[in-house]
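Below is the file upload36.pdb, which contains PDB, C-alpha atoms.
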```pdb
ATOM      1  CA  ASP A 631      39.300  14.908  91.589  1.00  0.00           C
ATOM      2  CA  VAL A 632      39.349  12.995  94.855  1.00  0.00           C
ATOM      3  CA  LYS A 633      35.956  12.055  96.167  1.00  0.00           C
ATOM      4  CA  VAL A 634      35.381  11.103  99.780  1.00  0.00           C
ATOM      5  CA  THR A 635      31.798  10.106 100.459  1.00  0.00           C
ATOM      6  CA  GLN A 636      30.199   9.784 103.874  1.00  0.00           C
ATOM      7  CA  SER A 637      27.039   7.730 103.995  1.00  0.00           C
ATOM      8  CA  SER A 638      24.875  10.199 105.929  1.00  0.00           C
ATOM      9  CA  ARG A 639      24.825  14.002 106.293  1.00  0.00           C
ATOM     10  CA  TYR A 640      22.567  13.906 109.352  1.00  0.00           C
ATOM     11  CA  LEU A 641      21.924  11.103 111.806  1.00  0.00           C
ATOM     12  CA  VAL A 642      19.859  10.941 114.993  1.00  0.00           C
ATOM     13  CA  LYS A 643      20.343   8.029 117.380  1.00  0.00           C
ATOM     14  CA  ARG A 644      19.495   7.169 120.973  1.00  0.00           C
ATOM     15  CA  THR A 645      21.847   6.622 123.888  1.00  0.00           C
ATOM     16  CA  GLY A 646      23.095   3.065 124.121  1.00  0.00           C
ATOM     17  CA  GLU A 647      22.625   2.344 120.415  1.00  0.00           C
ATOM     18  CA  LYS A 648      25.468   0.985 118.295  1.00  0.00           C
ATOM     19  CA  VAL A 649      26.124   3.502 115.530  1.00  0.00           C
ATOM     20  CA  PHE A 650      27.975   2.990 112.253  1.00  0.00           C
ATOM     21  CA  LEU A 651      29.389   5.844 110.176  1.00  0.00           C
ATOM     22  CA  GLU A 652      30.630   4.858 106.748  1.00  0.00           C
ATOM     23  CA  CYS A 653      33.217   6.503 104.510  1.00  0.00           C
ATOM     24  CA  VAL A 654      34.328   5.608 101.000  1.00  0.00           C
ATOM     25  CA  GLN A 655      37.129   7.137  98.920  1.00  0.00           C
ATOM     26  CA  ASP A 656      37.715   6.616  95.221  1.00  0.00           C
ATOM     27  CA  MET A 657      41.409   7.489  94.817  1.00  0.00           C
ATOM     28  CA  ASP A 658      43.133   4.360  96.107  1.00  0.00           C
ATOM     29  CA  HIS A 659      44.570   6.289  99.059  1.00  0.00           C
ATOM     30  CA  GLU A 660      46.452   4.284 101.665  1.00  0.00           C
ATOM     31  CA  ASN A 661      45.548   6.515 104.602  1.00  0.00           C
ATOM     32  CA  MET A 662      42.093   7.148 105.964  1.00  0.00           C
ATOM     33  CA  PHE A 663      41.108   9.163 109.016  1.00  0.00           C
ATOM     34  CA  TRP A 664      38.166   9.926 111.257  1.00  0.00           C
ATOM     35  CA  TYR A 665      37.981  13.314 112.948  1.00  0.00           C
ATOM     36  CA  ARG A 666      35.517  14.867 115.291  1.00  0.00           C
ATOM     37  CA  GLN A 667      34.789  18.594 114.922  1.00  0.00           C
ATOM     38  CA  ASP A 668      33.447  20.640 117.818  1.00  0.00           C
ATOM     39  CA  PRO A 669      33.226  24.459 118.064  1.00  0.00           C
ATOM     40  CA  GLY A 670      36.411  25.991 119.420  1.00  0.00           C
ATOM     41  CA  LEU A 671      38.257  22.669 119.439  1.00  0.00           C
ATOM     42  CA  GLY A 672      39.143  22.305 115.775  1.00  0.00           C
ATOM     43  CA  LEU A 673      39.421  18.839 114.293  1.00  0.00           C
ATOM     44  CA  ARG A 674      40.469  16.101 116.668  1.00  0.00           C
ATOM     45  CA  LEU A 675      41.715  12.756 115.406  1.00  0.00           C
ATOM     46  CA  ILE A 676      39.758   9.722 116.591  1.00  0.00           C
ATOM     47  CA  TYR A 677      41.380   6.887 114.617  1.00  0.00           C
ATOM     48  CA  PHE A 678      43.307   6.421 111.430  1.00  0.00           C
ATOM     49  CA  SER A 679      44.213   3.530 109.186  1.00  0.00           C
ATOM     50  CA  TYR A 680      47.215   3.154 106.896  1.00  0.00           C
ATOM     51  CA  ASP A 681      46.257  -0.154 105.292  1.00  0.00           C
ATOM     52  CA  VAL A 682      43.506  -2.724 105.123  1.00  0.00           C
ATOM     53  CA  LYS A 683      42.808  -4.196 108.568  1.00  0.00           C
ATOM     54  CA  MET A 684      45.349  -1.821 110.130  1.00  0.00           C
ATOM     55  CA  LYS A 685      44.309   0.889 112.569  1.00  0.00           C
ATOM     56  CA  GLU A 686      45.903   3.283 114.997  1.00  0.00           C
ATOM     57  CA  LYS A 687      44.404   5.295 117.834  1.00  0.00           C
ATOM     58  CA  GLY A 688      44.318   9.019 117.490  1.00  0.00           C
ATOM     59  CA  ASP A 689      43.956  11.589 120.236  1.00  0.00           C
ATOM     60  CA  ILE A 690      40.397  10.782 121.386  1.00  0.00           C
ATOM     61  CA  PRO A 691      39.672   7.070 120.681  1.00  0.00           C
ATOM     62  CA  GLU A 692      37.653   6.338 123.825  1.00  0.00           C
ATOM     63  CA  GLY A 693      34.152   5.105 123.047  1.00  0.00           C
ATOM     64  CA  TYR A 694      34.935   4.500 119.367  1.00  0.00           C
ATOM     65  CA  SER A 695      36.233   1.690 117.215  1.00  0.00           C
ATOM     66  CA  VAL A 696      36.945   1.407 113.486  1.00  0.00           C
ATOM     67  CA  SER A 697      36.952  -1.140 110.723  1.00  0.00           C
ATOM     68  CA  ARG A 698      38.790  -1.225 107.422  1.00  0.00           C
ATOM     69  CA  GLU A 699      38.036  -4.413 105.522  1.00  0.00           C
ATOM     70  CA  LYS A 700      38.599  -2.891 102.073  1.00  0.00           C
ATOM     71  CA  LYS A 701      41.058  -0.214 101.030  1.00  0.00           C
ATOM     72  CA  GLU A 702      38.378   2.217  99.901  1.00  0.00           C
ATOM     73  CA  ARG A 703      36.126   1.953 102.964  1.00  0.00           C
ATOM     74  CA  PHE A 704      36.688   3.068 106.556  1.00  0.00           C
ATOM     75  CA  SER A 705      33.952   2.725 109.158  1.00  0.00           C
ATOM     76  CA  LEU A 706      33.630   4.454 112.515  1.00  0.00           C
ATOM     77  CA  ILE A 707      31.666   2.607 115.192  1.00  0.00           C
ATOM     78  CA  LEU A 708      30.184   4.023 118.354  1.00  0.00           C
ATOM     79  CA  GLU A 709      29.832   0.903 120.471  1.00  0.00           C
ATOM     80  CA  SER A 710      27.259   2.380 122.866  1.00  0.00           C
ATOM     81  CA  ALA A 711      26.355   5.923 121.899  1.00  0.00           C
ATOM     82  CA  SER A 712      26.316   8.606 124.576  1.00  0.00           C
ATOM     83  CA  THR A 713      25.114  12.209 124.481  1.00  0.00           C
ATOM     84  CA  ASN A 714      28.684  13.542 124.675  1.00  0.00           C
ATOM     85  CA  GLN A 715      29.313  11.966 121.279  1.00  0.00           C
ATOM     86  CA  THR A 716      26.908  14.392 119.639  1.00  0.00           C
ATOM     87  CA  SER A 717      29.174  16.129 117.114  1.00  0.00           C
ATOM     88  CA  MET A 718      30.213  16.589 113.492  1.00  0.00           C
ATOM     89  CA  TYR A 719      32.253  13.653 112.213  1.00  0.00           C
ATOM     90  CA  LEU A 720      34.597  14.108 109.268  1.00  0.00           C
ATOM     91  CA  CYS A 721      36.290  11.397 107.257  1.00  0.00           C
ATOM     92  CA  ALA A 722      39.450  12.093 105.247  1.00  0.00           C
ATOM     93  CA  SER A 723      41.926  10.245 103.065  1.00  0.00           C
ATOM     94  CA  SER A 724      45.449  10.842 101.806  1.00  0.00           C
ATOM     95  CA  LEU A 725      48.235   9.245  99.830  1.00  0.00           C
ATOM     96  CA  PHE A 726      51.262   7.806 101.554  1.00  0.00           C
ATOM     97  CA  LEU A 727      54.589   8.993 100.099  1.00  0.00           C
ATOM     98  CA  GLY A 728      57.174   8.016 102.672  1.00  0.00           C
ATOM     99  CA  GLY A 729      57.952  10.704 105.221  1.00  0.00           C
ATOM    100  CA  ALA A 730      56.454  13.598 103.272  1.00  0.00           C
ATOM    101  CA  GLY A 731      53.154  14.906 104.564  1.00  0.00           C
ATOM    102  CA  GLN A 732      50.320  14.881 102.055  1.00  0.00           C
ATOM    103  CA  PRO A 733      47.092  16.837 101.771  1.00  0.00           C
ATOM    104  CA  GLN A 734      44.049  15.221 103.274  1.00  0.00           C
ATOM    105  CA  HIS A 735      40.783  15.200 101.346  1.00  0.00           C
ATOM    106  CA  PHE A 736      37.635  15.446 103.396  1.00  0.00           C
ATOM    107  CA  GLY A 737      34.103  14.197 103.083  1.00  0.00           C
ATOM    108  CA  ASP A 738      31.075  16.426 103.686  1.00  0.00           C
ATOM    109  CA  GLY A 739      30.734  15.282 107.273  1.00  0.00           C
ATOM    110  CA  THR A 740      28.028  13.552 109.296  1.00  0.00           C
ATOM    111  CA  ARG A 741      26.238  15.602 111.919  1.00  0.00           C
ATOM    112  CA  LEU A 742      25.366  13.051 114.578  1.00  0.00           C
ATOM    113  CA  SER A 743      22.905  13.762 117.364  1.00  0.00           C
ATOM    114  CA  ILE A 744      22.558  11.362 120.282  1.00  0.00           C
ATOM    115  CA  LEU A 745      19.332  11.810 122.219  1.00  0.00           C
TER
ATOM    116  CA  GLY B 851      52.999  14.732 120.402  1.00  0.00           C
ATOM    117  CA  GLU B 852      52.506  17.753 118.190  1.00  0.00           C
ATOM    118  CA  ASN B 853      50.485  20.708 119.469  1.00  0.00           C
ATOM    119  CA  VAL B 854      49.256  23.494 117.188  1.00  0.00           C
ATOM    120  CA  GLU B 855      47.936  26.795 118.516  1.00  0.00           C
ATOM    121  CA  GLN B 856      46.043  29.194 116.273  1.00  0.00           C
ATOM    122  CA  HIS B 857      45.227  32.900 116.720  1.00  0.00           C
ATOM    123  CA  PRO B 858      42.987  34.774 116.594  1.00  0.00           C
ATOM    124  CA  SER B 859      39.851  32.731 117.071  1.00  0.00           C
ATOM    125  CA  THR B 860      37.772  35.361 115.284  1.00  0.00           C
ATOM    126  CA  LEU B 861      38.803  38.068 112.839  1.00  0.00           C
ATOM    127  CA  SER B 862      36.668  40.744 111.239  1.00  0.00           C
ATOM    128  CA  VAL B 863      38.024  42.893 108.413  1.00  0.00           C
ATOM    129  CA  GLN B 864      36.646  45.326 105.879  1.00  0.00           C
ATOM    130  CA  GLU B 865      36.458  44.230 102.280  1.00  0.00           C
ATOM    131  CA  GLY B 866      39.736  45.044 100.562  1.00  0.00           C
ATOM    132  CA  ASP B 867      41.804  44.891 103.740  1.00  0.00           C
ATOM    133  CA  SER B 868      44.369  42.201 104.511  1.00  0.00           C
ATOM    134  CA  ALA B 869      43.881  39.369 106.999  1.00  0.00           C
ATOM    135  CA  VAL B 870      46.599  37.483 108.861  1.00  0.00           C
ATOM    136  CA  ILE B 871      46.150  34.267 110.840  1.00  0.00           C
ATOM    137  CA  LYS B 872      49.010  32.868 112.898  1.00  0.00           C
ATOM    138  CA  CYS B 873      49.847  29.371 114.120  1.00  0.00           C
ATOM    139  CA  THR B 874      52.590  27.981 116.301  1.00  0.00           C
ATOM    140  CA  TYR B 875      53.651  24.352 116.526  1.00  0.00           C
ATOM    141  CA  SER B 876      55.569  22.446 119.157  1.00  0.00           C
ATOM    142  CA  ASP B 877      57.418  19.656 117.315  1.00  0.00           C
ATOM    143  CA  SER B 878      60.525  20.971 115.577  1.00  0.00           C
ATOM    144  CA  ALA B 879      60.477  17.878 113.322  1.00  0.00           C
ATOM    145  CA  SER B 880      57.218  18.977 111.675  1.00  0.00           C
ATOM    146  CA  ASN B 881      57.750  19.420 107.958  1.00  0.00           C
ATOM    147  CA  TYR B 882      54.366  19.950 106.296  1.00  0.00           C
ATOM    148  CA  PHE B 883      51.938  22.781 107.007  1.00  0.00           C
ATOM    149  CA  PRO B 884      48.613  22.948 105.145  1.00  0.00           C
ATOM    150  CA  TRP B 885      45.835  25.496 105.498  1.00  0.00           C
ATOM    151  CA  TYR B 886      42.176  24.570 105.081  1.00  0.00           C
ATOM    152  CA  LYS B 887      39.132  26.740 104.468  1.00  0.00           C
ATOM    153  CA  GLN B 888      35.741  25.578 105.669  1.00  0.00           C
ATOM    154  CA  GLU B 889      32.669  27.452 104.517  1.00  0.00           C
ATOM    155  CA  LEU B 890      29.489  27.101 106.508  1.00  0.00           C
ATOM    156  CA  GLY B 891      28.024  23.617 106.123  1.00  0.00           C
ATOM    157  CA  LYS B 892      30.793  22.449 103.809  1.00  0.00           C
ATOM    158  CA  ARG B 893      33.856  20.253 104.002  1.00  0.00           C
ATOM    159  CA  PRO B 894      37.306  21.642 104.825  1.00  0.00           C
ATOM    160  CA  GLN B 895      39.206  22.298 101.608  1.00  0.00           C
ATOM    161  CA  LEU B 896      42.936  22.752 101.165  1.00  0.00           C
ATOM    162  CA  ILE B 897      43.779  26.286 100.038  1.00  0.00           C
ATOM    163  CA  ILE B 898      47.567  26.325 100.324  1.00  0.00           C
ATOM    164  CA  ASP B 899      50.366  24.323 101.920  1.00  0.00           C
ATOM    165  CA  ILE B 900      54.070  24.742 102.585  1.00  0.00           C
ATOM    166  CA  ARG B 901      56.911  22.370 103.331  1.00  0.00           C
ATOM    167  CA  SER B 902      59.748  22.994 105.738  1.00  0.00           C
ATOM    168  CA  ASN B 903      62.338  23.542 103.012  1.00  0.00           C
ATOM    169  CA  VAL B 904      60.486  26.680 101.838  1.00  0.00           C
ATOM    170  CA  GLY B 905      60.034  29.965 103.686  1.00  0.00           C
ATOM    171  CA  GLU B 906      57.159  31.438 101.721  1.00  0.00           C
ATOM    172  CA  LYS B 907      54.604  30.387  99.141  1.00  0.00           C
ATOM    173  CA  LYS B 908      52.040  32.474  97.243  1.00  0.00           C
ATOM    174  CA  ASP B 909      48.947  31.685  95.264  1.00  0.00           C
ATOM    175  CA  GLN B 910      47.186  34.787  93.943  1.00  0.00           C
ATOM    176  CA  ARG B 911      45.782  36.626  96.991  1.00  0.00           C
ATOM    177  CA  ILE B 912      46.894  33.966  99.469  1.00  0.00           C
ATOM    178  CA  ALA B 913      50.364  33.498 100.917  1.00  0.00           C
ATOM    179  CA  VAL B 914      51.848  31.393 103.691  1.00  0.00           C
ATOM    180  CA  THR B 915      55.084  32.121 105.528  1.00  0.00           C
ATOM    181  CA  LEU B 916      57.060  29.718 107.699  1.00  0.00           C
ATOM    182  CA  ASN B 917      59.597  30.541 110.408  1.00  0.00           C
ATOM    183  CA  LYS B 918      61.183  27.243 111.462  1.00  0.00           C
ATOM    184  CA  THR B 919      63.361  28.834 114.114  1.00  0.00           C
ATOM    185  CA  ALA B 920      60.400  30.344 115.915  1.00  0.00           C
ATOM    186  CA  LYS B 921      58.148  27.389 114.984  1.00  0.00           C
ATOM    187  CA  HIS B 922      55.355  29.473 113.592  1.00  0.00           C
ATOM    188  CA  PHE B 923      53.616  29.906 110.258  1.00  0.00           C
ATOM    189  CA  SER B 924      51.061  32.394 109.038  1.00  0.00           C
ATOM    190  CA  LEU B 925      48.348  32.740 106.414  1.00  0.00           C
ATOM    191  CA  HIS B 926      48.066  36.077 104.651  1.00  0.00           C
ATOM    192  CA  ILE B 927      45.019  37.023 102.587  1.00  0.00           C
ATOM    193  CA  THR B 928      45.225  40.282 100.661  1.00  0.00           C
ATOM    194  CA  GLU B 929      42.391  42.306  99.121  1.00  0.00           C
ATOM    195  CA  THR B 930      39.812  40.333 101.078  1.00  0.00           C
ATOM    196  CA  GLN B 931      36.400  39.690  99.532  1.00  0.00           C
ATOM    197  CA  PRO B 932      33.101  38.636 101.151  1.00  0.00           C
ATOM    198  CA  GLU B 933      33.559  35.118  99.739  1.00  0.00           C
ATOM    199  CA  ASP B 934      36.697  34.781 101.879  1.00  0.00           C
ATOM    200  CA  SER B 935      34.413  34.633 104.919  1.00  0.00           C
ATOM    201  CA  ALA B 936      34.852  31.150 106.415  1.00  0.00           C
ATOM    202  CA  VAL B 937      36.630  29.238 109.162  1.00  0.00           C
ATOM    203  CA  TYR B 938      40.318  28.683 108.462  1.00  0.00           C
ATOM    204  CA  PHE B 939      42.349  25.863 110.004  1.00  0.00           C
ATOM    205  CA  CYS B 940      46.099  25.481 110.094  1.00  0.00           C
ATOM    206  CA  ALA B 941      47.704  22.079 110.552  1.00  0.00           C
ATOM    207  CA  ALA B 942      51.089  20.462 110.926  1.00  0.00           C
ATOM    208  CA  THR B 943      52.554  17.002 110.588  1.00  0.00           C
ATOM    209  CA  THR B 944      55.876  15.326 111.201  1.00  0.00           C
ATOM    210  CA  PRO B 945      57.767  12.814 109.080  1.00  0.00           C
ATOM    211  CA  ASP B 946      56.950  10.144 111.658  1.00  0.00           C
ATOM    212  CA  THR B 947      55.315   7.658 109.327  1.00  0.00           C
ATOM    213  CA  GLY B 948      53.699   5.906 112.238  1.00  0.00           C
ATOM    214  CA  ARG B 949      51.265   8.766 112.653  1.00  0.00           C
ATOM    215  CA  ARG B 950      50.655  10.172 109.147  1.00  0.00           C
ATOM    216  CA  ALA B 951      47.952  12.397 110.537  1.00  0.00           C
ATOM    217  CA  LEU B 952      47.615  16.160 110.709  1.00  0.00           C
ATOM    218  CA  THR B 953      47.358  18.045 113.977  1.00  0.00           C
ATOM    219  CA  PHE B 954      44.941  20.937 113.528  1.00  0.00           C
ATOM    220  CA  GLY B 955      44.684  24.316 115.151  1.00  0.00           C
ATOM    221  CA  SER B 956      41.386  25.307 116.727  1.00  0.00           C
ATOM    222  CA  GLY B 957      40.317  27.460 113.782  1.00  0.00           C
ATOM    223  CA  THR B 958      39.823  31.157 112.968  1.00  0.00           C
ATOM    224  CA  ARG B 959      36.450  32.486 111.930  1.00  0.00           C
ATOM    225  CA  LEU B 960      37.104  35.224 109.354  1.00  0.00           C
ATOM    226  CA  GLN B 961      34.340  37.643 108.537  1.00  0.00           C
ATOM    227  CA  VAL B 962      34.812  40.083 105.673  1.00  0.00           C
ATOM    228  CA  GLN B 963      32.469  43.037 105.959  1.00  0.00           C
ATOM    229  CA  PRO B 964      31.290  44.423 102.599  1.00  0.00           C
TER
END
```

Hey, can you dump this file as structure tokens for me?
Amino acid sequence: DVKVTQSSRYLVKRTGEKVFLECVQDMDHENMFWYRQDPGLGLRLIYFSYDVKMKEKGDIPEGYSVSREKKERFSLILESASTNQTSMYLCASSLFLGGAGQPQHFGDGTRLSIL
Amino acid sequence: GENVEQHPSTLSVQEGDSAVIKCTYSDSASNYFPWYKQELGKRPQLIIDIRSNVGEKKDQRIAVTLNKTAKHFSLHITETQPEDSAVYFCAATTPDTGRRALTFGSGTRLQVQP
């Protein structure tokens, strides 16, 4: 069974801090994703990565960056946290099989509060 | 890019009744349509998916239908039970390998009244 592990379930930080959210998957998946979940807005893609050191912007990348130094680990970075980044953050991973879409497997999420 | 709209945003049914959630998508090239269930405080979990070469797929009390011409797909839950209460998300993706990501609908909160 695929396991996607996010380092923290709850996190409280202050405005202006640099925040790191970590995600690890154990199934050798090529693709990894970071989503933000807000009520009424569904899941919105922040960034994704399809290989080590490769990254692509999603729909809402502003104020975020990512790092993928190893295949199993994908980090989301809030360079200077702001209150409007208070949200639930979900990490996911999936296989890459050419042009065929594949299920994404999610972590438990990190509820981040910026004070 | 792809846009997915989901309706209704909330749905309340009596136990034993059927529930239907509908989604429309904008990109006619989309070819994979998964549905996720998210219980309160838990991760989204895949419950069923369908590919564009299939019109309908069933798994026990859950079924998904796809109408490529109209660009919409629906989740059908029969004989609903209280444990079906959750938020359900539809999603779509295209074969564009440059993206590889799902575009999600905004979610439907289903409440099954005992």

What are the nearest atom pairs, with distances in Å to one decimal, for all residues of chain B that come at most 6 Å from chain A, using all atoms listed in the file, set out by chain and rising residue number as CSV?
```
residue,atom,partner,partner_atom,distance
B:Tyr882,CA,A:Gly731,CA,5.5
B:Arg893,CA,A:Asp738,CA,4.7
B:Pro945,CA,A:Gly729,CA,4.4
B:Thr947,CA,A:Gly729,CA,5.8
B:Phe954,CA,A:Leu673,CA,6.0
B:Gly955,CA,A:Gly672,CA,5.9
B:Ser956,CA,A:Gly672,CA,3.9
B:Gly957,CA,A:Gly672,CA,5.7
```

Going by the chain IDs and residue numbers used in this file, which residues fall under the PyMOL selection byres ((chain B and resi 900-908) around 10)? Write them as JSON, numbers by chain. {"A": [730, 731], "B": [879, 880, 881, 882, 883, 884, 885, 898, 899, 909, 910, 911, 912, 913, 914, 915, 916, 917, 918, 923, 924, 925, 926, 927, 942]}

Excluding same-chain residues fewer than 3 positions from range 855-867 of chain B, what lies within 10 Å of it counting only C-alpha atoms, as number ranges by chain? A: 670, 672; B: 870-876, 922-924, 927-935, 937-941, 953-964

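Separating CA of Tyr640 in chain A from CA of Ser697 in chain A is a distance of 20.9 Å.
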
Could you tell me how far CA of Val634 in chain A lies from CA of Gly646 in chain A, in Å and to one decimal? 28.4 Å

Given the file shown, determine the residues that the PyMOL selection byres ((chain A and resi 682) around 6) selects; report them as a ChimeraX atom specification. /A:681,683-684,698-701

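Taking CA of Ile707 in chain A and CA of Ala951 in chain B as endpoints, the distance between them is 19.6 Å.
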
Pull out every residue that the PyMOL selection byres ((chain A and resi 713) around 8) matches in the shown coordinates and put them as a PyMOL selection string. chain A and resi 645+711-712+714-716+743-745

Scan for residues within 6 Å of the point (33.0, 3.2, 108.6) in the coordinates of the file, using all atoms listed in the file, and reply as a PDB file with C-alpha atoms, in the frame of the given file.
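Now in point-v4.pdb:
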```pdb
ATOM      1  CA  LEU A 651      29.389   5.844 110.176  1.00  0.00           C
ATOM      2  CA  GLU A 652      30.630   4.858 106.748  1.00  0.00           C
ATOM      3  CA  CYS A 653      33.217   6.503 104.510  1.00  0.00           C
ATOM      4  CA  PHE A 704      36.688   3.068 106.556  1.00  0.00           C
ATOM      5  CA  SER A 705      33.952   2.725 109.158  1.00  0.00           C
ATOM      6  CA  LEU A 706      33.630   4.454 112.515  1.00  0.00           C
TER       7      LEU A 706
END
```

Please return the centre and edge lengths, in Å to one decimal, of a box with edges along x, y and z that contains all listed atoms of range 912-922 of chain B, widened by 5 Å on every side, as lines of an AutoDock Vina configuration file.
```
center_x = 55.1
center_y = 30.6
center_z = 107.7
size_x = 26.5
size_y = 16.7
size_z = 26.4
```

Given all atoms listed in the file as the basis, pick out the residue of A:Lys685, A:Lys643, A:Arg703, A:Arg741 nearest to Gln655 in chain A. A:Arg703

Which neighbours of Ser878 in chain B fall inside 9 Å, counting all atoms listed in the file, when residues of the same chain fewer than 4 positions from it are skipped, and could you give them as an MDAnalysis selection string? chainID B and resid 918:919 921 944
